[in-house]
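Data block below; observations after.
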Amino acid sequence: MLLRRLRPASVAVGRLGLVGIGLAVAVRLAAAVVPLPAGFITPGSTVVTYRDGSFAHVFLSPDEKWRIPGSVDEVDSRYIDALVALEDKRFFEHGGVDFLAVARATWTNLTQGRVVSGASTLTMQLVRVREPRRRTLASKLVEAFRAWQVEARFDKTTILAHYLTYVPFGRNVEGIEAAALAYFGHRPNRLSPDEISTLLAVPQNPSRRYPSADNAGRLREARNVIAERLASTLAHERTPKDVVAEVIRAPVVRRLKPFPRQAKHAAYWLRAAQRRVETTLDRGAQGLAEATMRQAGLHARELGIHNGAAVVVDHRSGEVRALVGNFDFWDRDHGGQIPGFARPRSPGSALKPFLYALAVDRGLALPEHLVFDVPLRYGTYAPKNYDGRFDGLVRLEAALARSLNVPFVELLADIGVDPFIGHLKTWGVESLLDEPGFYGLSSAIGGLALTPLELAGLYAMLAQDGRFRPLRIRPDGAGTAAAMFAPGAAYLTRRALRSRDRPDFPSRRRWSGVPPTVHWKTGTSYGHRDAWAAGSNDRYTVVVWMGNFDNQPSRHLVGAEAAGPVLFDILEGLTAGRRPAEPSPPTEDLTRVEVCRFSGHRPSRACPHRVHVWALTRRVPTETCPYHVAVDVERETGLAMRPGCRHGRPYDTRAFLRLSSSVRRWMSGHRRDLPAPPNWAKGCGPAADHGAAPRITSPAAGQTALMLPGVAADRQEIPLEAESQAHRLSWFMDGRFLGTVAADQPLWWVPVPGEHELVVVDESGASSERSFRVSGRLGG
């Protein structure tokens with residue numbers, strides 16, 4: 001009878017069990033098929049790191065949380081062990097719901113008559129954080145289903161990583177990475193026992209335990225209880241008793257620390273959708289550059305200069321070590337958040353070293369070559385030097401050191417504007433317009449625009465013996481360095497830029513000095529709108545720019561005085577405590593060649609003095625000295641003779657300098673007294689000399705001189721000048737003789753409104769003429 005009664009019951013239980021198993025299978029299948037809600041996994045904070053992996057800048061997540069995604073491997077393993085021991089002992093064994101823990105919690109709560117224990121797994125806690133609900137039985141069932149969904153899609157390590165990213169730590173701090181930074185000021189890869197206990201205590205009741213003065217007591221108590229409970233887990237080769245005592249003695253965290261917010265301009269510039277932006281920035285170099293620029297900005301603002309940028313590059317690897325986009329990131333009145341290192345600006349004279357290097361590399365010039373420094377006109381373009389003066393002739397090396405404009409405009413004319421622009425594009429300058437013929441000769445002195453980052457790439461190439469390597473700010477692999485000009489050309493250019501006897505040498509550095517390996521160049525754009533300084537030592541290349549984003553000029557925007565001192569301060573800080581390197585020796589592609597001591601050109605037979613200088617072995621300029629001439633001089637009269645006059649007349653062959661009148665006009669001091677060839681003896685001059693007519697240079701061809709109203713005519717005199725090999729020139733205006741002057745001197749003429757015909761005649765009778773017009777009325 002008993003068996004008959006039990007059989008229906010057992011059948012019912014079996015059926016109920018089968019139904020339960022079927023429901024469980026159906027639920028698990030549904031969990032595997034039904035997708036997780038949209039937004040279950042949300043983006044975290046974007047993090048920009050230094051090259052050593054430390055955090056440079058942390059951004060809020062899109063939902064305004066400090067949430068830094070990370071991996072389990074980046075968290076102290078003792079914290080992971082303690083977390084699992086405290087919250088979910090069978091985390092690596094269950095499928096999202098721990099039924100043993102559910103049974104234990106149910107029995108304990110029933111016997112105690114109240115809720116004293118929970119059964120939520122780490123997976124269920126992750127669900128609760130991502131989908132907060134009221135604590136009801138229905139909510140528990142939904143959490144269990146979501147937990148199965150999570151377990152069906154992610155492995156245990158990924159689930160744990162998501163938990164470590166979203167676990168709440170009070171206010172808007174989520175995740176172990178953000179909490180460790182906000183609580184202790186460091187990442188969670190190395191945690192002390194009291195830090196582990198704190199990070200385990202807060203998520204249990206974030207609003208009442210996050211670090212604050214009001215929560216300090218509750219946080220201390222919870223932390224100490226957890227330490228006692230997990231003492232053996234936390235011990236790690238120490239006694240549990242010692243660990244607990246250490247935790248109890250440790251001060252409790254009372255306030256949150258600020259998140260890293262360094263390298264602001266670089267961080268915003270690099271910010272993208274990825275959660276972590278690894279960079280090549282160096283913490284020390286970035287801090288030095290920011291502090292130096294911030295200090296410089298305090299003084300610059302008083303001078304009407306509100307914006308500045310700095311770039312530091314390790315030119316050996318091409319890696320960017322520091323980027324500063326402005327003096328003050330929070331200066332909203334002057335575009336403080338604009339990354340100045342990526343804004344194209346006129347470089348002034350900062351590109352002259354690369355014209356110099358190209359000229360040497362092509363065999364167009366040697367550093368010792370004398371080049372013209374006289375007023376020139378290219379159509380309507382008439383370049384002038386910064387100080388408005390001219391030297392007549394100057395060595396190319398001195399022209400670079402002194403940053404003279406006219407010699408480099410002439411050099412660009414020889415190289416070609418479009419070829420030079422093409423070189424700049426090959427060298428990484430992407431800011432230039434791709435329009436042939438758009439740029440002109442003013443490109444030599446700032447008539448184009450490029451960014452501080454692009455200029456840093458050029459000077460890094462110069463420091464690396466002419467090998468160009470694209471700069472990189474992300475450690476994605478070094479680019480291949482390609483030779484752009486010869487190492488010898490780079491060496492000779494750096495030698496010129498190491499000169500200390502030059503106008504752009506910062507005044508205060510005349511006392512403190514500059515290491516011998518530092519070479520540099522400054523630049524000032526037209527109208528005093530940009531001040532630049534760029535230079536390198538044996539390891540780093542630095543570029544500093546100052547100006548105003550609204551293009552407001554300031555007379556204080558001079559490269560040598562505004563940007564130069566900052567450049568040297570940064571270079572000095574980068575090498576602090578390191579013994580300065582010695583200047584590198586001449587490169588192997590250089591050889592010594594004989595040149596005329598005066599002109600720097602290959603000597604002709606007339607050159608009396610010669611010296612040896614460095615030149616590229618494969619590209620030695622072949623033009624001989626254009627200035628020295630050998631002249632036969634009659635001893636009795638001191639006059640020149642051609643060979644046909646020498647018979648029966650004692651003479652000496654002497655060396656003289658044949659300089660044009662325009663050159664002599666601008667040569668200063670004793671250089672104007674250099675020996676010029678004497679006049680020809682009567683009947684002994686070459687017939688060809690009568691055909692060398694003087695060339696009028698002022699007034700210019702087609703010029704209309706405009707007289708200023710209200711200004712007396714004798715205060716508006718026009719210089720009459722001509723290029724000639726003769727000693728004296730005679731001038732005629734409208735058929736009337738004006739006077740005779742030395743060929744290297746102007747004749748000043750008081751203008752008269754109307755059309756005029758100007759004639760100049762030299763001693764041999766050769767002449768030239770020019771028509772021009774004077775417009776305006778005579779002044780009072």
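Going by the structure tokens order, chains are called A, B, ..., each with residues numbered from 1, while ligands are numbered from 1 in the order shown.
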
Self-check item: Nearby residues (only C-alpha atoms) at most 9 Å from region 302-309 of chain A, same-chain spacing under 5 positions excluded, as number ranges by chain
Solution: A: 293, 296-297, 323-328, 331, 334-336, 339-341, 452, 543-549, 552-557, 563

Put those residues in a file: C-alpha atoms, as a CSV table (one decimal), in the first residue's frame.
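Writing done, so here's part-v1.csv:
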```csv
chain,number,residue,atom,x,y,z
A,293,MET,CA,56.4,78.3,-21.0
A,296,ALA,CA,57.6,83.0,-19.8
A,297,GLY,CA,53.9,83.8,-20.3
A,323,LEU,CA,54.2,69.5,-26.5
A,324,VAL,CA,53.0,72.8,-25.1
A,325,GLY,CA,50.2,74.5,-27.0
A,326,ASN,CA,49.9,77.7,-25.1
A,327,PHE,CA,51.0,79.7,-22.0
A,328,ASP,CA,47.7,79.0,-20.2
A,331,ASP,CA,42.9,81.6,-21.0
A,334,HIS,CA,43.1,84.5,-26.1
A,335,GLY,CA,42.4,81.1,-27.4
A,336,GLY,CA,44.2,79.3,-24.6
A,339,PRO,CA,47.2,73.8,-29.8
A,340,GLY,CA,49.7,76.3,-31.0
A,341,PHE,CA,52.2,73.6,-32.0
A,452,PRO,CA,56.1,74.5,-34.8
A,543,VAL,CA,61.2,74.8,-31.1
A,544,VAL,CA,59.6,77.8,-29.4
A,545,TRP,CA,57.0,80.1,-30.9
A,546,MET,CA,55.4,83.2,-29.5
A,547,GLY,CA,52.7,85.5,-31.0
A,548,ASN,CA,49.0,86.2,-31.0
A,549,PHE,CA,46.4,83.9,-32.6
A,552,GLN,CA,48.0,91.4,-33.3
A,553,PRO,CA,51.6,92.6,-33.7
A,554,SER,CA,53.9,93.6,-30.8
A,555,ARG,CA,57.2,95.3,-31.2
A,556,HIS,CA,58.5,92.8,-28.6
A,557,LEU,CA,57.8,89.9,-30.9
A,563,ALA,CA,61.6,83.1,-27.9
```

Practice problem: Write out as a ChimeraX atom specification which residues come within 7 Å of region 404-407 of chain A when counting only C-alpha atoms, dropping same-chain ones fewer than 6 positions away. | Solution: /A:371-373,383-385,445

Quiz item: Any idea what's packed within 12 Å of region 702-708 of chain A, counting only C-alpha atoms, ignoring anything in its chain fewer than 2 positions away? Could you give it as an MDAnalysis selection string?
Solution: chainID A and resid 377 379:380 696:700 710:719 750:757 770:780

Exercise. Excluding Leu616 (chain A) and residues on its chain fewer than 3 positions from it, collect all residues at most 7 Å away from it, counting only C-alpha atoms, and give them as JSON, numbers by chain.
Key: {"A": [488, 589, 590, 591, 619, 620]}

Exercise. Write out as a PyMOL selection string which residues come within 8 Å of Ile68 (chain A) when counting only C-alpha atoms, dropping same-chain ones fewer than 4 positions away.
Key: chain A and resi 44-47+165+174-175+177-178+275

Exercise. Determine, counting only C-alpha atoms, which protein, DNA and RNA residues have an atom within 8 Å of an atom of Tyr439 (chain A); residues of the same chain fewer than 5 positions away are not included. Present the result as an MDAnalysis selection string.
Key: chainID A and resid 417:418 447:448

Practice problem: Check the DSSP output for the backbone and give back, as a PyMOL selection string, the residues of region 555-698 of chain A in strand (DSSP E). | Solution: chain A and resi 590-596+610-616+628-634+640-641+651-657+695-698

Quiz prompt | Which of A:Gly564, A:Pro188, A:Gly535, A:Gly523 sits closest to Asp73 (chain A) [using only C-alpha atoms] | solution = A:Pro188

Quiz item: Which neighbours of Asp762 (chain A) fall inside 12 Å, counting only C-alpha atoms, when residues of the same chain fewer than 6 positions from it are skipped, and could you give them as number ranges by chain?
Solution: A: 661, 689-696, 722-732, 739-743, 768

Selected residues written out with C-alpha atoms, as a compact mmCIF listing (two decimals), in the first residue's frame:
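Written out: selection-v6.txt:
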```txt
# COMPACT_ATOMS: atom_id res chain seq x y z
CA SER A 661 79.95 100.63 -57.63
CA ASP A 689 85.95 98.76 -72.13
CA HIS A 690 84.03 101.42 -74.08
CA GLY A 691 81.08 99.09 -74.40
CA ALA A 692 80.60 98.47 -70.65
CA ALA A 693 77.87 101.04 -70.16
CA PRO A 694 76.73 101.92 -66.65
CA ARG A 695 73.34 100.49 -65.58
CA ILE A 696 70.90 102.79 -63.78
CA ALA A 722 74.08 103.26 -61.30
CA GLU A 723 76.01 100.00 -61.47
CA SER A 724 79.38 100.61 -63.17
CA GLN A 725 83.00 99.53 -63.28
CA ALA A 726 84.09 103.14 -63.87
CA HIS A 727 85.47 105.44 -61.20
CA ARG A 728 83.24 108.48 -61.80
CA LEU A 729 79.81 109.06 -63.36
CA SER A 730 78.22 112.18 -64.81
CA TRP A 731 74.45 112.70 -64.59
CA PHE A 732 72.07 114.62 -66.89
CA GLY A 739 76.99 116.87 -61.66
CA THR A 740 79.79 114.29 -61.53
CA VAL A 741 80.27 111.97 -58.53
CA ALA A 742 82.19 108.83 -57.61
CA ALA A 743 80.52 105.75 -59.11
CA SER A 768 72.58 104.67 -70.54
```

Exercise. Mind the document's chain letters and residue numbers, and return as a VMD selection string the residues of region 302-377 of chain A that DSSP labels helix (DSSP H, G or I).
Key: chain A and resid 302 332 to 334 340 to 342 352 to 361

Using only C-alpha atoms, tabulate the residues of region 345-428 of chain A lying at most 6 Å from any atom of region 490-509 of chain A, each with its closest atom pair and that distance in Å to one decimal, by chain and increasing residue number, as CSV.
```
residue,atom,partner,partner_atom,distance
A:Ala357,CA,A:Thr493,CA,5.9
A:Glu397,CA,A:Ala496,CA,5.7
A:Ala401,CA,A:Arg502,CA,6.0
A:Arg402,CA,A:Arg502,CA,5.5
```

Self-check item: Residue among A:Leu126, A:Ala152, A:Ala489, A:Ala482 lying closest to His94 (chain A), counting only C-alpha atoms
Solution: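 Answer, going by the shortest atom-to-atom distance: A:Ala152.
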
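Residue nearest Thr451 (chain A), chosen from A:Ala382, A:Ala342, A:Ala463, A:Ala655 and counting only C-alpha atoms: A:Ala342.
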